[in-house]
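Asker: Next comes the structure file query.txt, holding compact mmCIF, C-alpha atoms.
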# COMPACT_ATOMS: atom_id res chain seq x y z
CA MET H 143 18.08 -111.43 23.66
CA HIS H 144 17.88 -114.30 21.18
CA GLU H 145 20.37 -116.69 22.76
CA VAL H 146 17.99 -119.65 22.37
CA SER H 147 17.88 -119.19 18.57
CA ILE H 148 21.66 -118.97 18.53
CA ALA H 149 22.01 -122.11 20.67
CA ALA H 150 19.58 -123.99 18.37
CA ASN H 151 21.55 -122.93 15.27
CA LEU H 152 24.78 -123.98 16.97
CA ILE H 153 23.47 -127.45 17.88
CA GLU H 154 22.14 -127.97 14.35
CA ILE H 155 25.49 -127.09 12.75
CA VAL H 156 27.72 -129.18 15.05
CA SER H 157 25.37 -132.18 15.04
CA GLU H 158 25.28 -132.22 11.26
CA GLN H 159 29.07 -132.09 11.01
CA CYS H 160 29.47 -134.74 13.73
CA ARG H 161 27.14 -137.11 11.87
CA LYS H 162 28.76 -136.38 8.51
CA ASP H 163 32.23 -137.12 9.88
CA GLY H 164 30.99 -140.38 11.40
CA TYR H 165 31.37 -139.56 15.10
CA LYS H 166 28.84 -140.37 17.82
CA LYS H 167 29.23 -137.70 20.42
CA ILE H 168 30.31 -134.09 20.86
CA GLU H 169 32.45 -133.53 23.96
CA SER H 170 33.12 -129.80 23.70
CA ILE H 171 32.64 -126.87 21.32
CA HIS H 172 34.99 -123.91 20.99
CA LEU H 173 33.28 -120.59 20.09
CA LYS H 174 34.37 -117.05 19.39
CA ILE H 175 31.76 -114.52 20.50
CA GLY H 176 32.26 -110.81 19.84
CA ARG H 177 31.36 -108.37 22.61
CA ALA H 178 29.19 -106.39 20.18
CA SER H 179 27.38 -109.46 18.87
CA GLY H 180 24.39 -108.76 21.10
CA ILE H 181 24.83 -112.20 22.67
CA MET H 182 25.39 -112.54 26.41
CA THR H 183 27.76 -115.38 27.18
CA ASP H 184 25.94 -116.44 30.37
CA ALA H 185 22.57 -116.48 28.63
CA LEU H 186 24.02 -118.51 25.76
CA LEU H 187 25.50 -121.08 28.18
CA PHE H 188 22.14 -121.35 29.92
CA ALA H 189 20.20 -121.68 26.66
CA PHE H 190 22.65 -124.27 25.30
CA ASP H 191 22.37 -126.45 28.41
CA ALA H 192 18.59 -126.15 28.35
CA ILE H 193 18.12 -127.33 24.76
CA LYS H 194 21.10 -129.66 24.14
CA THR H 195 19.28 -132.72 25.57
CA ASP H 196 18.36 -135.33 22.93
CA SER H 197 21.07 -134.05 20.59
CA LEU H 198 24.56 -135.36 19.80
CA ALA H 199 25.76 -132.43 21.92
CA LYS H 200 23.83 -133.50 25.02
CA ASP H 201 27.02 -133.89 27.09
CA ALA H 202 28.97 -131.13 25.39
CA VAL H 203 30.45 -128.14 27.16
CA LEU H 204 30.92 -124.76 25.54
CA MET H 205 34.28 -123.01 25.62
CA ILE H 206 33.85 -119.38 24.72
CA ASP H 207 36.54 -116.87 23.73
CA GLU H 208 35.23 -113.32 23.90
CA VAL H 209 36.45 -110.99 21.17
CA ALA H 210 36.93 -107.31 21.97
CA VAL H 211 35.44 -104.61 19.75
CA SER H 212 37.93 -103.11 17.32
CA GLY H 213 37.78 -100.81 14.36
CA ARG H 214 39.24 -98.00 12.33
CA CYS H 215 38.45 -94.30 12.65
CA ARG H 216 37.53 -92.48 9.44
CA ASP H 217 38.59 -89.15 10.93
CA CYS H 218 42.09 -89.88 12.31
CA GLY H 219 42.68 -93.05 10.29
CA ARG H 220 43.94 -95.03 13.28
CA ASN H 221 42.98 -98.54 14.41
CA PHE H 222 41.58 -99.09 17.90
CA THR H 223 40.47 -101.84 20.31
CA VAL H 224 38.16 -101.10 23.25
CA GLU H 225 36.88 -102.97 26.28
CA GLU H 226 33.30 -101.69 25.98
CA GLU H 227 30.53 -103.52 24.10
CA TYR H 228 29.75 -100.58 21.85
CA VAL H 229 31.92 -97.88 20.37
CA LEU H 230 30.14 -94.53 20.30
CA GLN H 231 33.17 -92.49 19.25
CA CYS H 232 36.77 -93.05 18.26
CA PRO H 233 38.66 -93.66 21.57
CA ILE H 234 41.73 -91.90 20.12
CA CYS H 235 40.44 -88.67 18.57
CA GLY H 236 36.77 -88.64 19.67
CA GLY H 237 35.56 -88.68 16.06
CA ALA H 238 32.06 -90.01 15.44
CA SER H 239 32.76 -91.70 12.12
CA PHE H 240 34.37 -95.12 12.35
CA GLN H 241 34.17 -98.61 10.91
CA VAL H 242 33.82 -101.48 13.39
CA SER H 243 35.85 -104.43 12.10
CA GLY H 244 35.86 -106.84 15.04
CA GLY H 245 33.60 -107.73 17.94
CA ARG H 246 30.56 -109.00 16.09
CA GLU H 247 31.80 -112.60 15.75
CA LEU H 248 29.46 -115.51 16.37
CA ASP H 249 31.80 -118.23 15.14
CA ILE H 250 32.28 -121.92 15.82
CA VAL H 251 36.02 -122.59 15.76
CA ASP H 252 36.28 -126.34 16.36
CA MET H 253 34.89 -129.17 18.51
CA GLU H 254 36.07 -132.25 20.34
CA VAL H 255 34.21 -135.40 19.20
CA SER H 256 34.36 -139.12 19.92
CA MET E 712 39.38 -136.07 18.31
CA LYS E 713 39.43 -132.38 17.49
CA VAL E 714 37.43 -131.39 14.41
CA LYS E 715 37.65 -128.00 12.71
CA VAL E 716 34.25 -126.41 12.17
CA ALA E 717 35.03 -122.80 11.15
CA THR E 718 31.41 -121.81 10.60
CA LYS E 719 29.39 -118.80 11.61
CA ILE E 720 26.66 -119.79 14.06
CA LEU E 721 24.14 -117.89 11.96
CA GLU E 722 25.25 -119.73 8.82
CA ALA E 723 22.16 -121.99 8.99
CA ASN E 724 19.98 -118.87 8.95
CA ASP E 725 22.10 -117.19 6.26
CA ARG E 726 21.83 -120.26 4.04
CA ILE E 727 18.03 -120.21 4.20
CA ALA E 728 18.13 -116.44 3.62
CA ARG E 729 20.14 -117.00 0.43
CA GLU E 730 17.57 -119.58 -0.72
CA ASN E 731 14.75 -117.11 -0.04
CA ARG E 732 16.63 -114.47 -1.98
CA LYS E 733 16.99 -116.80 -4.96
CA ILE E 734 13.24 -117.36 -4.95
CA PHE E 735 12.59 -113.61 -4.74
CA ASP E 736 15.04 -112.91 -7.56
CA GLY E 737 13.46 -115.64 -9.68
CA ALA E 738 10.06 -114.03 -9.23
CA GLY E 739 11.48 -110.55 -9.93
CA VAL E 740 10.31 -109.13 -6.62
CA PHE E 741 12.30 -106.53 -4.68
CA VAL E 742 12.27 -107.24 -0.94
CA VAL E 743 12.49 -104.68 1.87
CA ASN E 744 13.05 -105.74 5.49
CA LEU E 745 11.33 -102.94 7.46
CA MET E 746 12.57 -102.57 11.03
CA SER E 747 11.90 -100.22 13.95
CA GLY E 748 11.11 -100.13 17.64
CA PRO E 749 7.49 -100.78 18.68
CA GLY E 750 5.13 -97.95 17.80
CA ALA E 751 7.39 -96.03 15.41
CA GLY E 752 4.77 -96.43 12.68
CA LYS E 753 5.83 -99.36 10.47
CA THR E 754 2.27 -100.41 9.64
CA SER E 755 1.20 -96.75 9.19
CA LEU E 756 4.07 -96.23 6.74
CA LEU E 757 2.95 -99.32 4.81
CA GLU E 758 -0.66 -98.06 4.74
CA LYS E 759 0.46 -94.69 3.36
CA THR E 760 2.79 -96.35 0.86
CA LEU E 761 -0.01 -98.66 -0.33
CA ALA E 762 -2.32 -95.66 -0.74
CA LYS E 763 0.25 -94.10 -3.11
CA LYS E 764 1.33 -97.28 -4.90
CA ASP E 765 -0.09 -96.20 -8.29
CA GLY E 766 0.43 -99.39 -10.28
CA LEU E 767 3.28 -100.73 -8.13
CA ARG E 768 2.29 -104.25 -7.05
CA ILE E 769 3.08 -104.55 -3.33
CA GLY E 770 2.79 -107.52 -0.97
CA VAL E 771 3.41 -107.62 2.77
CA ILE E 772 4.60 -110.16 5.33
CA GLU E 773 3.65 -108.99 8.83
CA GLY E 774 5.76 -110.19 11.73
CA ASP E 775 4.38 -109.80 15.25
CA ILE E 776 4.79 -111.62 18.50
CA ALA E 777 1.01 -112.18 18.57
CA GLY E 778 -2.19 -111.06 16.88
CA SER E 779 -3.28 -110.19 13.33
CA ASP E 780 -4.20 -106.50 13.74
CA ASP E 781 -1.47 -105.36 11.35
CA ALA E 782 -2.40 -107.83 8.59
CA GLU E 783 -6.03 -106.70 8.83
CA ARG E 784 -4.95 -103.07 8.34
CA ILE E 785 -3.00 -104.05 5.20
CA GLU E 786 -5.78 -106.23 3.79
CA ILE E 787 -8.07 -103.18 3.54
CA PHE E 788 -5.81 -101.94 0.72
CA GLY E 789 -6.30 -105.17 -1.24
CA ALA E 790 -2.62 -106.08 -0.96
CA PRO E 791 -1.61 -109.74 -0.57
CA VAL E 792 -0.58 -110.14 3.07
CA VAL E 793 0.58 -112.96 5.34
CA GLN E 794 0.77 -112.68 9.12
CA ILE E 795 3.55 -114.45 11.00
CA ASN E 796 3.26 -114.77 14.78
CA THR E 797 6.65 -115.43 16.29
CA GLY E 798 5.13 -116.64 19.57
CA GLY E 799 7.49 -114.58 21.68
CA ALA E 800 10.59 -114.49 19.47
CA CYS E 801 12.12 -111.02 19.26
CA HIS E 802 12.81 -111.06 15.49
CA LEU E 803 11.89 -112.75 12.22
CA ASP E 804 14.38 -115.27 10.87
CA ALA E 805 14.90 -116.70 7.39
CA ASN E 806 13.11 -119.93 8.20
CA MET E 807 9.90 -118.17 9.26
CA ILE E 808 9.90 -116.32 5.92
CA SER E 809 10.65 -119.50 3.97
CA ASP E 810 7.61 -121.16 5.57
CA VAL E 811 5.14 -118.56 4.24
CA LEU E 812 6.54 -117.94 0.74
CA GLY E 813 3.99 -120.35 -0.75
CA ASP E 814 1.18 -118.18 0.61
CA LEU E 815 2.10 -115.14 -1.51
CA PRO E 816 1.69 -114.63 -5.29
CA LEU E 817 5.37 -113.64 -5.67
CA ASN E 818 5.27 -113.66 -9.48
CA GLU E 819 2.57 -110.99 -9.40
CA LEU E 820 4.51 -108.63 -7.11
CA ASP E 821 7.05 -105.87 -7.78
CA LEU E 822 7.80 -105.15 -4.14
CA LEU E 823 7.48 -107.20 -0.94
CA PHE E 824 7.69 -105.60 2.49
CA ILE E 825 8.68 -107.78 5.42
CA GLU E 826 7.55 -105.87 8.51
CA ASN E 827 9.77 -107.14 11.28
CA VAL E 828 8.93 -107.47 14.96
CA GLY E 829 9.11 -104.09 16.73
CA ASN E 830 12.57 -104.15 18.30
CA LEU E 831 15.64 -101.95 17.79
CA VAL E 832 18.17 -104.69 18.49
CA CYS E 833 17.61 -108.24 17.31
CA PRO E 834 16.04 -107.90 13.83
CA ALA E 835 19.26 -106.33 12.52
CA GLU E 836 21.17 -109.55 13.30
CA PHE E 837 19.07 -111.92 11.17
CA LYS E 838 19.01 -111.85 7.37
CA VAL E 839 15.69 -113.01 5.92
CA GLY E 840 16.57 -112.86 2.20
CA GLU E 841 15.91 -109.14 1.70
CA ASP E 842 17.43 -106.86 -0.95
CA MET E 843 17.69 -104.08 1.58
CA LYS E 844 16.91 -103.15 5.16
CA VAL E 845 14.97 -99.96 5.85
CA MET E 846 14.73 -98.59 9.34
CA LEU E 847 12.01 -96.37 10.73
CA LEU E 848 12.49 -94.09 13.74
CA SER E 849 9.84 -91.77 15.16
CA ILE E 850 11.17 -88.50 16.54
CA ALA E 851 9.33 -89.08 19.83
CA GLU E 852 11.80 -91.90 20.55
CA GLY E 853 14.53 -89.28 21.06
CA HIS E 854 17.66 -88.15 19.25
CA ASP E 855 19.94 -90.48 21.24
CA LYS E 856 18.78 -93.60 19.40
CA PRO E 857 21.43 -93.82 16.62
CA LEU E 858 24.26 -93.92 19.17
CA LYS E 859 22.36 -96.25 21.52
CA TYR E 860 21.35 -98.76 18.85
CA PRO E 861 24.16 -98.38 16.30
CA LEU E 862 23.85 -101.75 14.57
CA MET E 863 20.41 -101.14 13.10
CA PHE E 864 21.53 -97.79 11.66
CA GLN E 865 24.70 -99.38 10.27
CA GLU E 866 22.86 -102.24 8.58
CA SER E 867 20.11 -100.17 6.93
CA SER E 868 20.11 -98.68 3.42
CA ALA E 869 17.55 -96.04 4.33
CA LEU E 870 16.23 -94.33 7.45
CA VAL E 871 12.68 -92.99 7.51
CA ILE E 872 12.23 -90.45 10.31
CA ASN E 873 8.50 -90.49 11.15
CA LYS E 874 6.10 -88.32 13.19
CA ILE E 875 7.96 -85.20 12.06
CA ASP E 876 4.73 -83.24 12.75
CA LEU E 877 5.42 -83.77 16.48
CA ALA E 878 8.61 -81.69 16.34
CA PRO E 879 7.10 -78.64 18.11
CA TYR E 880 5.88 -80.82 21.00
CA VAL E 881 8.86 -83.02 21.81
CA ASP E 882 12.35 -81.98 22.86
CA VAL E 883 14.19 -83.64 20.05
CA ASP E 884 17.01 -82.48 17.80
CA VAL E 885 16.25 -84.01 14.40
CA SER E 886 19.53 -82.70 12.97
CA LYS E 887 21.38 -84.74 15.63
CA ILE E 888 19.52 -87.89 14.53
CA ARG E 889 20.60 -87.19 10.95
CA LYS E 890 24.20 -86.36 11.88
CA ASP E 891 24.74 -89.38 14.15
CA ALA E 892 23.01 -91.77 11.74
CA LEU E 893 25.20 -90.53 8.89
CA SER E 894 28.40 -90.89 10.87
CA LEU E 895 27.47 -94.50 11.67
CA ASN E 896 26.54 -95.12 8.04
CA PRO E 897 27.76 -92.53 5.52
CA GLY E 898 25.73 -94.05 2.66
CA LEU E 899 22.41 -93.91 4.53
CA LYS E 900 19.50 -92.42 2.55
CA MET E 901 17.20 -90.40 4.85
CA PHE E 902 13.57 -89.26 4.66
CA GLU E 903 11.59 -87.10 7.08
CA VAL E 904 7.90 -87.95 6.98
CA SER E 905 4.66 -87.71 8.87
CA CYS E 906 2.25 -90.58 8.29
CA ARG E 907 -0.41 -88.45 9.98
CA THR E 908 -0.14 -85.31 7.79
CA GLY E 909 1.35 -86.98 4.71
CA GLU E 910 4.42 -84.70 4.73
CA GLY E 911 7.46 -86.18 2.97
CA LEU E 912 5.75 -89.39 1.87
CA ASP E 913 5.88 -88.62 -1.87
CA ALA E 914 9.69 -88.50 -1.81
CA TRP E 915 9.83 -91.82 0.06
CA VAL E 916 7.45 -93.58 -2.34
CA GLN E 917 9.24 -92.09 -5.37
CA TRP E 918 12.61 -93.37 -4.12
CA LEU E 919 11.11 -96.79 -3.37
CA ARG E 920 9.64 -96.97 -6.86
CA GLU E 921 12.99 -96.05 -8.46
CA THR E 922 14.97 -98.45 -6.27
CA ALA E 923 12.63 -101.39 -6.93
CA GLY E 924 12.52 -100.49 -10.64
CA LYS E 925 16.32 -100.47 -10.98
CA HIS E 926 16.39 -103.92 -9.43
CA ARG E 927 13.92 -105.28 -11.97
CA VAL E 928 15.87 -103.91 -14.94
CA SER E 929 19.19 -105.32 -13.64
Just give me the structure as structure tokens.
Answerer:
Amino acid sequence: MHEVSIAANLIEIVSEQCRKDGYKKIESIHLKIGRASGIMTDALLFAFDAIKTDSLAKDAVLMIDEVAVSGRCRDCGRNFTVEEEYVLQCPICGGASFQVSGGRELDIVDMEVS
Amino acid sequence: MKVKVATKILEANDRIARENRKIFDGAGVFVVNLMSGPGAGKTSLLEKTLAKKDGLRIGVIEGDIAGSDDAERIEIFGAPVVQINTGGACHLDANMISDVLGDLPLNELDLLFIENVGNLVCPAEFKVGEDMKVMLLSIAEGHDKPLKYPLMFQESSALVINKIDLAPYVDVDVSKIRKDALSLNPGLKMFEVSCRTGEGLDAWVQWLRETAGKHRVS
């Protein structure tokens, strides 16, 4: 829902690092986006392309790795990974009490610059 | 040339949130980020809380997509209030809060409420510099909300269940709201209130007073 804010934050961070390291242009950016981050990959790609003009990332492409939701059940004590965006119960024992440990990532891994 | 970045995309927001928090701590003000869906009663809860403040010095930042209706309702109680219009954005972020800090007498406040944009999804993702998040849910929204919008329940320190006076008229299982919310967040403090009848509000205000007071001492 707020992919434009995310894209703006992203461009600010990579542009600052690009300038600081003395490079002129960002060619590509590698991201890790969790499935439960609330961010839709397609909407983020669209938002990024729409607002990247006039920035050091104006020709950059985004490469996105999606991260599945994972966690640990407080009832059965086991770790799980699921394909869905949200976990509503432990997929192993059906328990309702669990700790989500992965799937909320909104991370910049690295970028290609020149 | 490949360059390692290893940064969270929201780090820019989190950094400003930490700066806001430093300013709040310096002024000795306890900050509550109040979140709910539209119409759950955030502004009503603030009105009722202000009516019972009894010496507690409370300020409010109102976040809305448009308009100043909420700020006008707060002003009646003589509380310092600033209205932010997000112009369409679905949440408040740390930068919007940073921009209005100069408009509030922070040193003269014990407690600052930041009333977020009505939305059960996005506000939970953005830190604004708060000490704690409090979520409000009205029972008319249905007992399926904790499991449909888990993040907000997981991120909050307290859940205020409002419009409890409507229980005889809506098919809602309040005990299911409590049970599901607790399983998502075992440490969640819960209150059942009615801003219309006043039921349960004393316990909420008492807890708020104690929580803000502890912060000031520490």
Asker: Per residue of chain E within 8 Å of chain H, record the nearest atom pair and its distance in Å to one decimal, counting all atoms listed in the file, with rows in chain order and ascending residue number, as JSON lines.
Answerer:
{"residue": "E:Met712", "atom": "CA", "partner": "H:Val255", "partner_atom": "CA", "distance": 5.3}
{"residue": "E:Lys713", "atom": "CA", "partner": "H:Glu254", "partner_atom": "CA", "distance": 4.4}
{"residue": "E:Val714", "atom": "CA", "partner": "H:Met253", "partner_atom": "CA", "distance": 5.3}
{"residue": "E:Lys715", "atom": "CA", "partner": "H:Asp252", "partner_atom": "CA", "distance": 4.2}
{"residue": "E:Val716", "atom": "CA", "partner": "H:Asp252", "partner_atom": "CA", "distance": 4.7}
{"residue": "E:Ala717", "atom": "CA", "partner": "H:Val251", "partner_atom": "CA", "distance": 4.7}
{"residue": "E:Thr718", "atom": "CA", "partner": "H:Ile250", "partner_atom": "CA", "distance": 5.3}
{"residue": "E:Lys719", "atom": "CA", "partner": "H:Asp249", "partner_atom": "CA", "distance": 4.3}
{"residue": "E:Ile720", "atom": "CA", "partner": "H:Leu152", "partner_atom": "CA", "distance": 5.4}
{"residue": "E:Leu721", "atom": "CA", "partner": "H:Asn151", "partner_atom": "CA", "distance": 6.6}
{"residue": "E:Ala723", "atom": "CA", "partner": "H:Asn151", "partner_atom": "CA", "distance": 6.4}
{"residue": "E:Asn724", "atom": "CA", "partner": "H:Asn151", "partner_atom": "CA", "distance": 7.7}
{"residue": "E:Ala800", "atom": "CA", "partner": "H:His144", "partner_atom": "CA", "distance": 7.5}
{"residue": "E:Cys801", "atom": "CA", "partner": "H:His144", "partner_atom": "CA", "distance": 6.9}
{"residue": "E:Val832", "atom": "CA", "partner": "H:Gly180", "partner_atom": "CA", "distance": 7.9}
{"residue": "E:Cys833", "atom": "CA", "partner": "H:Met143", "partner_atom": "CA", "distance": 7.1}
{"residue": "E:Leu858", "atom": "CA", "partner": "H:Leu230", "partner_atom": "CA", "distance": 6.0}
{"residue": "E:Asp891", "atom": "CA", "partner": "H:Ala238", "partner_atom": "CA", "distance": 7.5}
{"residue": "E:Ser894", "atom": "CA", "partner": "H:Ser239", "partner_atom": "CA", "distance": 4.6}
{"residue": "E:Leu895", "atom": "CA", "partner": "H:Ser239", "partner_atom": "CA", "distance": 6.0}
Asker: Restricted to C-alpha atoms, what would the selected residues look like written as a PDB file, in the frame of the given file?
Answerer:
ATOM      1  CA  MET E 712      39.380-136.070  18.310  1.00  0.00           C
ATOM      2  CA  LYS E 713      39.430-132.380  17.490  1.00  0.00           C
ATOM      3  CA  VAL E 714      37.430-131.390  14.410  1.00  0.00           C
ATOM      4  CA  LYS E 715      37.650-128.000  12.710  1.00  0.00           C
ATOM      5  CA  VAL E 716      34.250-126.410  12.170  1.00  0.00           C
ATOM      6  CA  ALA E 717      35.030-122.800  11.150  1.00  0.00           C
ATOM      7  CA  THR E 718      31.410-121.810  10.600  1.00  0.00           C
ATOM      8  CA  LYS E 719      29.390-118.800  11.610  1.00  0.00           C
ATOM      9  CA  ILE E 720      26.660-119.790  14.060  1.00  0.00           C
ATOM     10  CA  LEU E 721      24.140-117.890  11.960  1.00  0.00           C
ATOM     11  CA  ALA E 723      22.160-121.990   8.990  1.00  0.00           C
ATOM     12  CA  ASN E 724      19.980-118.870   8.950  1.00  0.00           C
ATOM     13  CA  ALA E 800      10.590-114.490  19.470  1.00  0.00           C
ATOM     14  CA  CYS E 801      12.120-111.020  19.260  1.00  0.00           C
ATOM     15  CA  VAL E 832      18.170-104.690  18.490  1.00  0.00           C
ATOM     16  CA  CYS E 833      17.610-108.240  17.310  1.00  0.00           C
ATOM     17  CA  LEU E 858      24.260 -93.920  19.170  1.00  0.00           C
ATOM     18  CA  ASP E 891      24.740 -89.380  14.150  1.00  0.00           C
ATOM     19  CA  SER E 894      28.400 -90.890  10.870  1.00  0.00           C
ATOM     20  CA  LEU E 895      27.470 -94.500  11.670  1.00  0.00           C
TER      21      LEU E 895
END
Asker: Which neighbours of Thr922 of chain E fall inside 12 Å, counting all atoms listed in the file, when residues of the same chain fewer than 2 positions from it are skipped, and could you give them as a short mmCIF file (atom, residue, chain, number, x, y, z; two decimals) with C-alpha atoms, keeping the file's coordinate frame?
Answerer:
data_model
loop_
_atom_site.label_atom_id
_atom_site.label_comp_id
_atom_site.auth_asym_id
_atom_site.auth_seq_id
_atom_site.Cartn_x
_atom_site.Cartn_y
_atom_site.Cartn_z
CA VAL E 740 10.31 -109.13 -6.62
CA PHE E 741 12.30 -106.53 -4.68
CA VAL E 742 12.27 -107.24 -0.94
CA VAL E 743 12.49 -104.68 1.87
CA ASP E 821 7.05 -105.87 -7.78
CA LEU E 822 7.80 -105.15 -4.14
CA ASP E 842 17.43 -106.86 -0.95
CA MET E 843 17.69 -104.08 1.58
CA SER E 868 20.11 -98.68 3.42
CA ALA E 869 17.55 -96.04 4.33
CA LYS E 900 19.50 -92.42 2.55
CA TRP E 915 9.83 -91.82 0.06
CA VAL E 916 7.45 -93.58 -2.34
CA GLN E 917 9.24 -92.09 -5.37
CA TRP E 918 12.61 -93.37 -4.12
CA LEU E 919 11.11 -96.79 -3.37
CA ARG E 920 9.64 -96.97 -6.86
CA GLY E 924 12.52 -100.49 -10.64
CA LYS E 925 16.32 -100.47 -10.98
CA HIS E 926 16.39 -103.92 -9.43
CA ARG E 927 13.92 -105.28 -11.97
CA VAL E 928 15.87 -103.91 -14.94
CA SER E 929 19.19 -105.32 -13.64
#
Asker: Nearest to Ile234 of chain H: which of H:Met182, H:Ala192, H:Leu204, H:Cys218 is it, counting all atoms listed in the file?
Answerer: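 When distances to Ile234 of chain H are compared using all atoms listed in the file, the smallest one comes from H:Cys218.
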Asker: Tell me, in Å to one decimal, how far atom CA of Arg907 of chain E is from atom CA of Val885 of chain E.
Answerer: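 Pair atom CA of Arg907 of chain E / atom CA of Val885 of chain E returns 17.8 Å.
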Asker: Taking (32.9, -102.7, 26.5) in the coordinates of the supplied file, I want to know which residues reach to within 10 Å of it, counting only C-alpha atoms; could you give the answer as a ChimeraX atom specification?
Answerer: /H:177-178,210-211,223-229,245
Asker: Around all listed atoms of segment 144-149 of chain H, padded 8 Å per side, what centre and edge lengths does the axis-aligned box have in Å to one decimal, as lines of an AutoDock Vina configuration file?
Answerer:
center_x = 19.9
center_y = -118.2
center_z = 20.6
size_x = 20.1
size_y = 23.8
size_z = 20.2
Asker: Report the distance between atom CA of Gly829 of chain E and atom CA of Lys733 of chain E in Å, rounded to one decimal place.
Answerer: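 Between these atoms lies a distance of 26.3 Å.
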Asker: Grab the atom CA of Ile776 of chain E to atom CA of Lys763 of chain E distance for me, in Å with one decimal place.
Answerer: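 According to the coordinates, atom CA of Ile776 of chain E and atom CA of Lys763 of chain E are separated by 28.2 Å.
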Asker: For Thr754 of chain E, work out the shell of residues within 12 Å, counting all atoms listed in the file and skipping chain neighbours fewer than 3 positions away, then give it as an MDAnalysis selection string.
Answerer: chainID E and resid 745:751 757:761 771:775 779:786 824:829 847 873 906
Asker: Using only C-alpha atoms, which residue out of H:Asp207, H:Glu145, H:Lys167, H:Arg220 lies closest to Ile193 of chain H?
Answerer: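 Closest to Ile193 of chain H, using only C-alpha atoms: H:Glu145.
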Asker: Neighbouring residues of His854 of chain E were defined as those with any atom within 8 Å, considering all atoms listed in the file; residues of the same chain fewer than 2 positions away were excluded. Please report them as a PyMOL selection string.
Answerer: chain E and resi 850+852+856-857+883-885+887-888
Asker: Which one of E:Lys890, E:Lys838, E:Lys764, E:Lys753 sits closest to Ala805 of chain E if you count all atoms listed in the file?
Answerer: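 The closest residue to Ala805 of chain E is E:Lys838.
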